[in-house]
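This is data.tsv. It holds TSV, C-alpha atoms and all ligand atoms.
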chain	number	residue	atom	x	y	z
A	1	MET	CA	22.70	29.60	5.47
A	2	THR	CA	23.41	28.71	1.80
A	3	GLY	CA	20.74	27.83	-0.75
A	4	LEU	CA	17.34	29.24	-1.46
A	5	TYR	CA	14.89	29.83	1.40
A	6	ASP	CA	11.44	31.39	1.45
A	7	SER	CA	10.18	33.88	4.01
A	8	PHE	CA	9.23	31.02	6.34
A	9	GLN	CA	12.75	29.49	6.21
A	10	ARG	CA	11.63	26.58	4.07
A	11	PRO	CA	14.45	25.40	1.79
A	12	ILE	CA	13.40	25.58	-1.87
A	13	ASN	CA	15.33	23.11	-4.02
A	14	TYR	CA	12.79	21.60	-6.40
A	15	LEU	CA	11.45	23.03	-9.67
A	16	ARG	CA	8.57	21.51	-11.62
A	17	ILE	CA	8.66	22.56	-15.23
A	18	SER	CA	5.59	22.40	-17.44
A	19	VAL	CA	6.99	22.08	-20.96
A	20	THR	CA	3.64	22.33	-22.75
A	21	ASP	CA	0.00	23.04	-21.99
A	22	ARG	CA	-1.08	20.56	-24.71
A	23	CYS	CA	-2.31	17.14	-23.78
A	24	ASN	CA	-3.42	14.07	-25.70
A	25	LEU	CA	-5.91	13.17	-22.93
A	26	ARG	CA	-8.69	15.16	-21.29
A	27	CYS	CA	-8.92	13.74	-17.78
A	28	VAL	CA	-12.14	14.73	-16.05
A	29	TYR	CA	-10.39	15.94	-12.88
A	30	CYS	CA	-7.77	18.03	-14.66
A	31	MET	CA	-8.97	19.35	-18.03
A	32	PRO	CA	-12.01	21.66	-18.10
A	33	ASP	CA	-14.99	20.28	-20.09
A	34	ASP	CA	-14.61	22.88	-22.81
A	35	GLY	CA	-10.83	22.44	-22.97
A	36	ILE	CA	-8.30	25.19	-22.43
A	37	CYS	CA	-7.42	28.29	-24.38
A	38	GLN	CA	-4.16	26.97	-25.78
A	39	MET	CA	-0.97	28.98	-25.61
A	40	SER	CA	0.41	30.02	-28.98
A	41	HIS	CA	3.64	28.44	-30.10
A	42	GLY	CA	5.54	31.71	-29.65
A	43	ASP	CA	4.33	32.02	-26.06
A	44	ILE	CA	5.91	28.76	-25.01
A	45	LEU	CA	9.43	28.83	-23.64
A	46	THR	CA	12.02	27.31	-25.94
A	47	TYR	CA	14.25	24.59	-24.55
A	48	GLU	CA	17.11	27.11	-24.51
A	49	GLU	CA	15.02	29.51	-22.40
A	50	ILE	CA	14.09	26.71	-19.98
A	51	TYR	CA	17.77	25.78	-19.76
A	52	THR	CA	18.73	29.39	-18.95
A	53	ILE	CA	16.13	29.58	-16.18
A	54	VAL	CA	17.21	26.26	-14.67
A	55	GLN	CA	20.88	27.26	-14.88
A	56	VAL	CA	20.19	30.42	-12.88
A	57	ALA	CA	17.84	28.61	-10.49
A	58	ALA	CA	20.52	25.97	-9.91
A	59	GLU	CA	23.00	28.71	-8.97
A	60	LEU	CA	20.49	29.81	-6.34
A	61	GLY	CA	19.91	26.33	-4.87
A	62	ILE	CA	17.56	24.30	-7.08
A	63	THR	CA	18.93	20.74	-7.33
A	64	LYS	CA	15.95	18.73	-8.60
A	65	VAL	CA	13.72	19.21	-11.61
A	66	ARG	CA	10.64	17.40	-12.80
A	67	LEU	CA	9.26	17.77	-16.32
A	68	THR	CA	5.49	17.84	-16.60
A	69	GLY	CA	2.79	19.30	-18.78
A	70	GLY	CA	0.00	19.14	-20.07
A	71	GLU	CA	1.51	15.99	-21.40
A	72	PRO	CA	5.28	16.50	-21.59
A	73	LEU	CA	5.75	13.76	-24.18
A	74	ALA	CA	3.38	15.62	-26.49
A	75	ARG	CA	6.21	18.13	-26.98
A	76	LEU	CA	8.71	17.07	-29.62
A	77	GLY	CA	12.29	16.39	-28.68
A	78	LEU	CA	11.84	16.23	-24.91
A	79	ALA	CA	14.93	14.03	-24.62
A	80	GLU	CA	16.95	16.96	-25.97
A	81	LEU	CA	15.84	19.08	-22.99
A	82	VAL	CA	16.65	16.23	-20.58
A	83	GLN	CA	20.14	16.04	-22.04
A	84	MET	CA	20.64	19.81	-21.80
A	85	LEU	CA	19.53	19.90	-18.15
A	86	GLY	CA	21.73	16.90	-17.39
A	87	GLN	CA	24.76	19.06	-18.22
A	88	LEU	CA	24.11	21.23	-15.17
A	89	ASP	CA	26.27	19.78	-12.38
A	90	ALA	CA	24.10	21.22	-9.63
A	91	ILE	CA	21.02	19.36	-10.89
A	92	ASP	CA	21.26	15.90	-9.38
A	93	ASP	CA	17.80	14.60	-10.22
A	94	ILE	CA	15.75	14.86	-13.41
A	95	SER	CA	12.36	13.17	-13.41
A	96	LEU	CA	9.19	13.15	-15.47
A	97	THR	CA	5.45	13.02	-14.80
A	98	THR	CA	3.50	11.63	-17.75
A	99	ASN	CA	0.22	10.00	-18.58
A	100	GLY	CA	2.29	7.15	-20.02
A	101	THR	CA	0.45	6.83	-23.33
A	102	LEU	CA	3.54	7.68	-25.40
A	103	LEU	CA	6.13	6.35	-23.00
A	104	SER	CA	6.85	2.96	-24.54
A	105	ARG	CA	8.09	4.84	-27.62
A	106	TYR	CA	10.20	7.41	-25.78
A	107	ALA	CA	11.47	5.66	-22.63
A	108	PRO	CA	14.74	4.34	-24.15
A	109	VAL	CA	15.77	7.70	-25.63
A	110	LEU	CA	14.81	9.54	-22.44
A	111	LYS	CA	16.88	7.14	-20.36
A	112	ARG	CA	19.87	7.58	-22.66
A	113	ALA	CA	19.45	11.35	-22.37
A	114	GLY	CA	19.78	11.16	-18.56
A	115	LEU	CA	16.24	10.79	-17.24
A	116	LYS	CA	16.34	8.92	-13.94
A	117	ARG	CA	12.80	8.08	-13.01
A	118	VAL	CA	9.21	8.54	-13.97
A	119	ASN	CA	5.77	9.00	-12.40
A	120	ILE	CA	2.91	7.70	-14.50
A	121	SER	CA	-0.69	8.78	-13.96
A	122	LEU	CA	-3.14	5.91	-14.15
A	123	ASP	CA	-6.50	6.19	-12.41
A	124	THR	CA	-8.12	2.94	-13.45
A	125	LEU	CA	-7.15	-0.53	-14.61
A	126	ARG	CA	-10.43	-1.00	-16.48
A	127	PRO	CA	-10.49	-0.30	-20.23
A	128	ASP	CA	-14.03	1.14	-20.44
A	129	ARG	CA	-13.51	3.33	-17.40
A	130	PHE	CA	-10.17	4.57	-18.72
A	131	LYS	CA	-11.97	5.90	-21.80
A	132	ARG	CA	-14.54	7.68	-19.62
A	133	ILE	CA	-12.00	9.27	-17.28
A	134	THR	CA	-9.53	10.36	-19.94
A	135	ARG	CA	-12.04	11.26	-22.65
A	136	GLY	CA	-9.35	10.51	-25.23
A	137	SER	CA	-8.54	8.09	-27.99
A	138	TYR	CA	-5.97	6.09	-26.02
A	139	ASP	CA	-6.42	2.79	-24.19
A	140	VAL	CA	-5.36	1.62	-20.76
A	141	ALA	CA	-3.15	-0.85	-22.65
A	142	ASP	CA	-1.11	2.10	-23.97
A	143	VAL	CA	-0.33	3.19	-20.40
A	144	LEU	CA	0.43	-0.36	-19.26
A	145	GLY	CA	2.78	-0.60	-22.26
A	146	GLY	CA	4.36	2.66	-21.12
A	147	ILE	CA	4.92	1.25	-17.63
A	148	ASP	CA	6.60	-1.84	-19.09
A	149	GLY	CA	8.63	0.30	-21.48
A	150	ALA	CA	9.86	2.52	-18.66
A	151	ARG	CA	10.93	-0.48	-16.60
A	152	SER	CA	12.66	-2.16	-19.53
A	153	ALA	CA	14.53	1.06	-20.29
A	154	GLY	CA	15.86	1.09	-16.72
A	155	LEU	CA	13.93	4.09	-15.40
A	156	SER	CA	13.62	3.51	-11.67
A	157	PRO	CA	11.53	3.75	-9.69
A	158	VAL	CA	8.38	3.83	-11.81
A	159	LYS	CA	5.64	5.29	-9.62
A	160	ILE	CA	1.95	5.12	-10.46
A	161	ASN	CA	-0.18	8.12	-9.46
A	162	VAL	CA	-3.86	7.43	-8.83
A	163	VAL	CA	-6.26	10.32	-8.16
A	164	VAL	CA	-9.04	8.77	-6.09
A	165	MET	CA	-12.58	10.02	-6.83
A	166	ALA	CA	-15.74	8.76	-5.11
A	167	GLY	CA	-18.11	7.02	-7.49
A	168	ILE	CA	-15.59	7.19	-10.33
A	169	ASN	CA	-12.65	4.95	-9.40
A	170	ASP	CA	-12.59	4.59	-5.61
A	171	ASP	CA	-13.80	0.99	-5.94
A	172	GLU	CA	-10.39	0.17	-7.46
A	173	VAL	CA	-8.16	1.11	-4.54
A	174	LEU	CA	-7.87	-2.54	-3.49
A	175	ASP	CA	-7.02	-3.60	-7.06
A	176	PHE	CA	-4.23	-1.03	-7.25
A	177	ALA	CA	-2.94	-1.78	-3.76
A	178	GLY	CA	-3.05	-5.52	-4.51
A	179	LYS	CA	-0.65	-4.91	-7.41
A	180	THR	CA	2.01	-3.84	-4.89
A	181	ILE	CA	1.94	-7.24	-3.17
A	182	GLY	CA	2.73	-9.63	-5.99
A	183	GLU	CA	4.45	-7.22	-8.39
A	184	GLU	CA	6.91	-4.38	-8.04
A	185	TRP	CA	4.29	-1.68	-8.42
A	186	HIS	CA	4.78	1.59	-6.54
A	187	VAL	CA	1.30	3.06	-6.29
A	188	ARG	CA	0.53	6.49	-4.83
A	189	PHE	CA	-3.01	7.45	-3.97
A	190	ILE	CA	-3.65	11.18	-4.34
A	191	GLU	CA	-6.57	13.11	-2.92
A	192	PHE	CA	-8.74	14.82	-5.51
A	193	MET	CA	-7.94	18.53	-5.35
A	194	PRO	CA	-10.42	21.21	-6.35
A	195	THR	CA	-8.65	23.08	-9.12
A	196	ALA	CA	-9.61	25.85	-11.50
A	197	GLY	CA	-12.03	25.10	-14.32
A	198	VAL	CA	-12.90	21.56	-13.29
A	199	GLY	CA	-16.40	20.69	-12.08
A	200	TYR	CA	-15.19	19.63	-8.63
A	201	SER	CA	-17.74	18.41	-6.15
A	202	PRO	CA	-16.98	17.70	-2.46
A	203	SER	CA	-19.05	14.50	-2.85
A	204	ARG	CA	-16.25	13.14	-5.07
A	205	PHE	CA	-13.59	13.69	-2.41
A	206	VAL	CA	-12.11	10.66	-0.63
A	207	PRO	CA	-9.71	11.47	2.22
A	208	VAL	CA	-6.52	9.44	2.51
A	209	SER	CA	-7.69	8.23	5.95
A	210	GLU	CA	-10.64	6.52	4.24
A	211	ILE	CA	-8.41	4.91	1.59
A	212	GLN	CA	-6.11	3.61	4.32
A	213	LYS	CA	-9.07	2.11	6.15
A	214	ARG	CA	-10.20	0.27	3.03
A	215	LEU	CA	-6.70	-1.14	2.46
A	216	GLU	CA	-6.73	-2.82	5.88
A	217	GLN	CA	-8.56	-5.68	4.14
A	218	LEU	CA	-5.29	-6.57	2.41
A	219	GLY	CA	-3.10	-6.57	5.53
A	220	GLU	CA	-1.35	-4.19	7.86
A	221	LEU	CA	0.66	-1.51	6.09
A	222	GLU	CA	4.19	-1.09	7.40
A	223	PRO	CA	5.82	2.33	7.02
A	224	CYS	CA	8.87	2.39	4.76
A	225	LEU	CA	11.26	4.98	3.38
A	226	PRO	CA	10.82	6.55	-0.05
A	227	HIS	CA	13.15	5.24	-2.76
A	228	VAL	CA	14.19	8.72	-3.72
A	229	GLY	CA	13.00	12.25	-3.34
A	230	ASN	CA	11.70	14.25	-0.44
A	231	GLY	CA	8.18	14.92	-1.64
A	232	PRO	CA	4.92	14.95	0.25
A	233	ALA	CA	4.09	11.22	-0.07
A	234	ARG	CA	4.23	8.85	2.92
A	235	TYR	CA	5.18	5.30	1.95
A	236	PHE	CA	4.14	1.88	3.23
A	237	ARG	CA	4.43	-1.75	2.25
A	238	PHE	CA	2.25	-4.80	2.87
A	239	PRO	CA	4.11	-7.60	4.68
A	240	GLY	CA	6.16	-9.40	2.02
A	241	GLY	CA	4.96	-6.97	-0.65
A	242	ARG	CA	7.30	-6.35	-3.58
A	243	GLY	CA	6.10	-2.81	-4.19
A	244	THR	CA	4.98	0.14	-2.07
A	245	VAL	CA	1.84	2.11	-1.38
A	246	GLY	CA	2.11	5.89	-1.01
A	247	PHE	CA	-0.41	8.47	0.13
A	248	ILE	CA	-0.52	12.11	-0.85
A	249	ASN	CA	-3.08	14.18	1.05
A	250	PRO	CA	-2.81	17.78	-0.09
A	251	VAL	CA	-6.33	18.55	1.10
A	252	SER	CA	-7.06	16.65	4.33
A	253	GLU	CA	-3.67	17.21	5.89
A	254	HIS	CA	-1.87	19.78	3.83
A	255	PHE	CA	1.88	19.43	3.82
A	256	CYS	CA	2.59	23.07	3.00
A	257	PHE	CA	4.91	23.45	6.00
A	258	HIS	CA	7.41	21.18	4.25
A	259	CYS	CA	6.86	22.55	0.74
A	260	ASN	CA	10.16	22.80	-1.14
A	261	ARG	CA	8.96	23.59	-4.65
A	262	LEU	CA	8.40	26.14	-7.35
A	263	ARG	CA	6.58	25.67	-10.64
A	264	LEU	CA	7.45	27.07	-14.05
A	265	THR	CA	4.59	27.20	-16.55
A	266	ALA	CA	5.07	26.54	-20.25
A	267	ASP	CA	4.64	30.25	-20.96
A	268	GLY	CA	7.33	31.23	-18.51
A	269	LYS	CA	5.53	32.18	-15.32
A	270	LEU	CA	7.04	31.13	-12.01
A	271	CYS	CA	4.31	30.00	-9.59
A	272	PRO	CA	5.24	30.00	-5.91
A	273	CYS	CA	2.24	27.82	-4.97
A	274	LEU	CA	0.12	25.30	-6.90
A	275	LEU	CA	-3.05	26.47	-5.22
A	276	SER	CA	-2.56	30.20	-5.47
A	277	ASP	CA	-2.98	32.39	-8.54
A	278	ASP	CA	0.18	34.46	-7.93
A	279	GLU	CA	2.90	34.22	-10.55
A	280	VAL	CA	6.08	36.03	-11.60
A	281	ASP	CA	6.75	36.44	-15.32
A	282	LEU	CA	10.19	35.31	-16.46
A	283	LYS	CA	9.53	35.09	-20.19
A	284	GLN	CA	9.28	38.77	-21.10
A	285	PRO	CA	12.34	39.76	-19.05
A	286	LEU	CA	14.23	36.84	-20.60
A	287	ARG	CA	13.23	37.90	-24.10
A	288	SER	CA	14.18	41.48	-23.37
A	289	GLY	CA	17.72	40.43	-22.54
A	290	VAL	CA	17.61	40.46	-18.75
A	291	SER	CA	20.96	39.79	-17.05
A	292	SER	CA	21.47	36.63	-15.08
A	293	SER	CA	21.57	38.56	-11.81
A	294	GLU	CA	18.25	40.25	-12.67
A	295	LEU	CA	16.77	36.84	-13.51
A	296	LYS	CA	18.03	35.57	-10.16
A	297	GLN	CA	16.31	38.48	-8.44
A	298	LEU	CA	12.98	37.60	-10.12
A	299	ILE	CA	13.30	34.02	-8.88
A	300	VAL	CA	14.10	35.25	-5.37
A	301	THR	CA	11.03	37.54	-5.54
A	302	ALA	CA	8.82	34.56	-6.46
A	303	VAL	CA	10.31	32.50	-3.64
A	304	SER	CA	9.80	35.22	-1.08
A	305	SER	CA	6.13	35.53	-2.07
A	306	LYS	CA	5.48	31.84	-1.38
A	307	PRO	CA	2.49	31.69	0.97
A	308	LEU	CA	2.75	29.74	4.21
A	309	ARG	CA	-0.07	27.42	3.18
A	310	HIS	CA	-3.00	27.04	0.83
A	311	HIS	CA	-6.50	28.01	1.91
A	312	LEU	CA	-8.66	25.20	0.56
A	313	PRO	CA	-10.15	24.38	3.98
A	314	GLU	CA	-11.42	27.98	4.23
A	315	GLY	CA	-12.91	27.78	0.73
A	316	GLY	CA	-9.99	29.50	-1.03
A	317	LEU	CA	-10.20	27.93	-4.48
A	318	PRO	CA	-7.73	28.85	-7.22
A	319	GLU	CA	-9.45	30.56	-10.14
A	320	GLY	CA	-6.58	31.01	-12.56
A	321	ARG	CA	-4.91	28.21	-14.45
A	322	PRO	CA	-6.41	24.75	-14.69
A	323	MET	CA	-4.11	21.96	-13.45
A	324	THR	CA	-3.25	20.98	-17.00
A	325	GLN	CA	-1.59	24.40	-17.40
A	326	VAL	CA	0.36	24.24	-14.16
A	327	GLY	CA	1.54	20.66	-14.31
A	328	GLY	CA	0.39	19.21	-11.01
A	401	LIG	N1	-0.01	14.76	-18.17
A	401	LIG	C1	0.85	14.32	-17.15
A	401	LIG	C2	0.18	13.33	-16.24
A	401	LIG	O1	-1.03	13.15	-16.33
A	401	LIG	O2	0.88	12.73	-15.43
A	401	LIG	C3	1.47	15.44	-16.35
A	401	LIG	C4	0.58	16.61	-15.98
A	401	LIG	S1	-0.69	16.22	-14.79
A	401	LIG	C5	-1.45	17.80	-14.58
A	401	LIG	C6	0.29	16.01	-13.32
A	401	LIG	C7	-0.39	15.33	-12.18
A	401	LIG	O3	-1.45	16.13	-11.68
A	401	LIG	C8	-1.01	13.97	-12.52
A	401	LIG	O4	-0.48	12.96	-11.67
A	401	LIG	C9	-2.48	14.17	-12.25
A	401	LIG	O5	-3.07	13.00	-11.79
A	401	LIG	C10	-2.45	15.27	-11.20
A	401	LIG	N2	-3.72	15.99	-11.12
A	401	LIG	C11	-4.35	16.69	-12.08
A	401	LIG	N3	-5.50	17.21	-11.63
A	401	LIG	C12	-5.61	16.83	-10.33
A	401	LIG	C13	-6.59	17.06	-9.31
A	401	LIG	N4	-7.67	17.78	-9.53
A	401	LIG	N5	-6.36	16.52	-8.09
A	401	LIG	C14	-5.25	15.78	-7.84
A	401	LIG	N6	-4.29	15.56	-8.76
A	401	LIG	C15	-4.47	16.05	-10.00
A	402	LIG	FE1	-3.58	15.57	-19.48
A	402	LIG	FE2	-2.22	14.78	-17.33
A	402	LIG	FE3	-4.25	16.48	-17.08
A	402	LIG	FE4	-4.79	13.98	-17.76
A	402	LIG	S1	-3.84	14.67	-15.82
A	402	LIG	S2	-5.63	15.84	-18.76
A	402	LIG	S3	-3.04	13.48	-18.94
A	402	LIG	S4	-2.35	16.89	-18.14

What do you get writing this file as structure tokens?
Ligand code: SAM
Ligand code: SF4
Amino acid sequence: MTGLYDSFQRPINYLRISVTDRCNLRCVYCMPDDGICQMSHGDILTYEEIYTIVQVAAELGITKVRLTGGEPLARLGLAELVQMLGQLDAIDDISLTTNGTLLSRYAPVLKRAGLKRVNISLDTLRPDRFKRITRGSYDVADVLGGIDGARSAGLSPVKINVVVMAGINDDEVLDFAGKTIGEEWHVRFIEFMPTAGVGYSPSRFVPVSEIQKRLEQLGELEPCLPHVGNGPARYFRFPGGRGTVGFINPVSEHFCFHCNRLRLTADGKLCPCLLSDDEVDLKQPLRSGVSSSELKQLIVTAVSSKPLRHHLPEGGLPEGRPMTQVGG
């Protein structure tokens, strides 16, 4: 068996890299009310350090990377990192998850640097609600401009991630789904996950089954294949629809048995599971001149400590890093 496998024989080929813990928004479901204790500049991995980690991870079996944050476009020169990672032959897919507010400015340079595709988080189409959810100084128009900019630059597909929260934006699921009929929107509805530091309440949770039921008003969803990737989303299309509707249900029907990913935080910790507080430090060893085979061993250690599944249903809530410091 070649490649990287965890102790449950799951192939691990996907690395999500948080390039910064900073964000220009403060989404209610992600950023704690009182903000985060920000990492100091010196604590954050340089692009060269990220490159070294990905190079070694690629030798082990990682083939796909996604850049995330905080807000990845809040870090200067991200296109430079994309270009560096694009030089690694074993990496066949480089993607980005962003809140889209800065994307219209950066999409062309990112595309030229080798970025293939982008996921954009957008939880409401309504300007006043956007301000309330994101608690920032940006407008929904900035994100819509980012979506247009990404498409014009040739990033494809452009997927829209919507975290559905009862009483906050769940009355917009039909509006978002409707966009996939007349326009080439690829919308993914994500269940609200309880994460560290955020005032989560079970009363805000909307299971994917409920969202699917509401969408029946628009027609019968037909299953379809994903454009790219082998992530946890299941995809559908309305008859004649130009776009797709995806569902991601990490809570109601966890997909841990197919989990293929690792996460690297901006300060160089490798996290085997989004919903566990375990992590393996790569930064200090890297800065102390670790050899590439020792770095490989640390990655293998993280992989072998990947738990079989998360324990949200039994009340096992993560207490460590807020989502904005892990990258989703
Ligand atoms: N700032 C970028 C963005 O918003 O896309 C990247 C980082 S953000 C942490 C990555 C993803 O995590 C986003 O799609 C966001 O919606 C999702 N996310 C954050 N908190 C979440 C939560 N409590 N439940 C479900 N998804 C969450
Ligand atoms: Fe920032 Fe993204 Fe979290 Fe919103 S979801 S606070 S944009 S990191």

Counting only C-alpha atoms and all ligand atoms, which residues in chain A sit no more than 8 Å from ligand LIG 401 (chain A)? For each one, give the nearest pair of atoms and the distance in Å, sorted by chain then residue number, as a Markdown table.
| residue | atom | partner | partner_atom | distance |
| --- | --- | --- | --- | --- |
| A:Ser18 | CA | A:LIG401 | C4 | 7.8 |
| A:Cys23 | CA | A:LIG401 | N1 | 6.5 |
| A:Leu25 | CA | A:LIG401 | N1 | 7.7 |
| A:Cys27 | CA | A:LIG401 | N3 | 7.8 |
| A:Tyr29 | CA | A:LIG401 | N4 | 4.7 |
| A:Cys30 | CA | A:LIG401 | N3 | 3.9 |
| A:Met31 | CA | A:LIG401 | N3 | 7.6 |
| A:Thr68 | CA | A:LIG401 | C3 | 4.7 |
| A:Gly69 | CA | A:LIG401 | C4 | 4.5 |
| A:Gly70 | CA | A:LIG401 | N1 | 4.8 |
| A:Glu71 | CA | A:LIG401 | N1 | 3.8 |
| A:Pro72 | CA | A:LIG401 | N1 | 6.5 |
| A:Thr97 | CA | A:LIG401 | O2 | 4.6 |
| A:Thr98 | CA | A:LIG401 | O2 | 3.7 |
| A:Asn99 | CA | A:LIG401 | O1 | 4.1 |
| A:Gly100 | CA | A:LIG401 | O2 | 7.4 |
| A:Asn119 | CA | A:LIG401 | O2 | 6.9 |
| A:Ile120 | CA | A:LIG401 | O2 | 5.5 |
| A:Ser121 | CA | A:LIG401 | O2 | 4.5 |
| A:Leu122 | CA | A:LIG401 | O5 | 7.5 |
| A:Asp123 | CA | A:LIG401 | O5 | 7.7 |
| A:Asn161 | CA | A:LIG401 | O4 | 5.3 |
| A:Val162 | CA | A:LIG401 | O5 | 6.4 |
| A:Val163 | CA | A:LIG401 | O5 | 5.5 |
| A:Ile190 | CA | A:LIG401 | C14 | 6.0 |
| A:Glu191 | CA | A:LIG401 | C14 | 5.8 |
| A:Phe192 | CA | A:LIG401 | N5 | 3.9 |
| A:Met193 | CA | A:LIG401 | N5 | 3.7 |
| A:Pro194 | CA | A:LIG401 | N4 | 5.4 |
| A:Thr195 | CA | A:LIG401 | N4 | 5.4 |
| A:Val198 | CA | A:LIG401 | N4 | 7.5 |
| A:Tyr200 | CA | A:LIG401 | N4 | 7.8 |
| A:Met323 | CA | A:LIG401 | C5 | 5.1 |
| A:Thr324 | CA | A:LIG401 | C5 | 4.4 |
| A:Gln325 | CA | A:LIG401 | C5 | 7.2 |
| A:Val326 | CA | A:LIG401 | C5 | 6.7 |
| A:Gly327 | CA | A:LIG401 | C5 | 4.1 |
| A:Gly328 | CA | A:LIG401 | O3 | 3.6 |

Point-to-point distance in Å for CA of Ala90 (chain A) and CA of Pro11 (chain A):
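Answer for the CA of Pro11 (chain A) to CA of Ala90 (chain A) separation: 15.5 Å.
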
For ligand LIG 402 (chain A), which of A:Gly145, A:Gly231, A:Pro307, A:Gly136 is the closest residue, counting only C-alpha atoms and all ligand atoms?
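Result for the nearest residue to ligand LIG 402 (chain A): A:Gly136.
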
Atomic separation - CA of Ile50 (chain A) relative to CA of Ala150 (chain A), Å
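That distance, rounded to one decimal, is 24.6 Å.
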
If you count all atoms listed in the file, which residues fall within 8 Å of Arg117 (chain A), apart from same-chain ones fewer than 3 positions away, as a list in words?
Ile94, Ser95, Leu96, Leu155, Ser156, Pro157 and Val158 of chain A

Show which residues sit within 6 Å of region 269-272 of chain A, as a ChimeraX atom specification. Count all atoms listed in the file, and ignore same-chain residues fewer than 4 positions away.
/A:262-265,279-282,302,306

Distance CA of Asp93 (chain A)-CA of Pro108 (chain A), one decimal place?
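These two atoms are separated by 17.6 Å.
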
Counting only C-alpha atoms and all ligand atoms, closest pick from A:Pro232, A:Gly86, A:Gly197, A:Gly241 relative to ligand LIG 402 (chain A) is A:Gly197

Taking into account only C-alpha atoms, which residue in the set A:Pro202, A:Arg135, A:Val54, A:Gly178 is nearest to Asp34 (chain A)?
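Distance minimum relative to Asp34 (chain A) lands on A:Arg135.
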
Within 9 Å of (12.9, 26.4, -20.5) (file coordinates; only C-alpha atoms), which protein or nucleic acid residues are there? I'd like them as a list in words.
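Result, sorted by chain then residue number: Ile17, Ser18, Val19, Ile44, Leu45, Thr46, Tyr47, Glu48, Glu49, Ile50, Tyr51, Thr52, Ile53, Val54, Leu81, Leu264, Ala266 and Gly268 of chain A.
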
Atoms kept (C-alpha atoms) for selection, written as a PDB file, in the coordinates of the input:
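What follows is the written file result-v6.pdb:
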ATOM      1  CA  ILE A  17       8.660  22.560 -15.230  1.00  0.00           C
ATOM      2  CA  SER A  18       5.590  22.400 -17.440  1.00  0.00           C
ATOM      3  CA  VAL A  19       6.990  22.080 -20.960  1.00  0.00           C
ATOM      4  CA  ILE A  44       5.910  28.760 -25.010  1.00  0.00           C
ATOM      5  CA  LEU A  45       9.430  28.830 -23.640  1.00  0.00           C
ATOM      6  CA  THR A  46      12.020  27.310 -25.940  1.00  0.00           C
ATOM      7  CA  TYR A  47      14.250  24.590 -24.550  1.00  0.00           C
ATOM      8  CA  GLU A  48      17.110  27.110 -24.510  1.00  0.00           C
ATOM      9  CA  GLU A  49      15.020  29.510 -22.400  1.00  0.00           C
ATOM     10  CA  ILE A  50      14.090  26.710 -19.980  1.00  0.00           C
ATOM     11  CA  TYR A  51      17.770  25.780 -19.760  1.00  0.00           C
ATOM     12  CA  THR A  52      18.730  29.390 -18.950  1.00  0.00           C
ATOM     13  CA  ILE A  53      16.130  29.580 -16.180  1.00  0.00           C
ATOM     14  CA  VAL A  54      17.210  26.260 -14.670  1.00  0.00           C
ATOM     15  CA  LEU A  81      15.840  19.080 -22.990  1.00  0.00           C
ATOM     16  CA  LEU A 264       7.450  27.070 -14.050  1.00  0.00           C
ATOM     17  CA  ALA A 266       5.070  26.540 -20.250  1.00  0.00           C
ATOM     18  CA  GLY A 268       7.330  31.230 -18.510  1.00  0.00           C
TER      19      GLY A 268
END

For each of A:Arg126, A:Tyr138, A:Ala113, A:Val245, take the minimum atom-to-atom distance to ligand LIG 402 (chain A), counting all atoms listed in the file, then give the residue where this is smallest.
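With all atoms listed in the file as the atom set, the closest residue is A:Tyr138.
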
With all atoms of region 51-70 of chain A from the file as input, state the centre and edge lengths in Å to one decimal of the axis-aligned box that has 5 Å extra on each side, as JSON.
{"center_x": 11.5, "center_y": 23.9, "center_z": -12.5, "size_x": 33.0, "size_y": 23.0, "size_z": 25.2}

With a distance cut-off of 6 Å and only C-alpha atoms, select the neighbouring residues of Asn13 (chain A), excluding the residue or stretch itself and same-chain residues fewer than 6 positions from it, and output the selection as a list in words.
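In the requested form, the answer reads Gly61, Ile62, Thr63 and Asn260 of chain A.
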
Given only C-alpha atoms as the basis, pick out the residue of A:Ser201, A:Lys179, A:Gly289, A:Phe257 nearest to Ser7 (chain A).
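When distances to Ser7 (chain A) are compared using only C-alpha atoms, the smallest one comes from A:Phe257.
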
Which is closer to ligand LIG 402 (chain A) than all the others in A:Arg242, A:Arg237, A:Lys64, A:Lys131, using only C-alpha atoms and all ligand atoms?
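Closest to ligand LIG 402 (chain A) of all the choices is A:Lys131.
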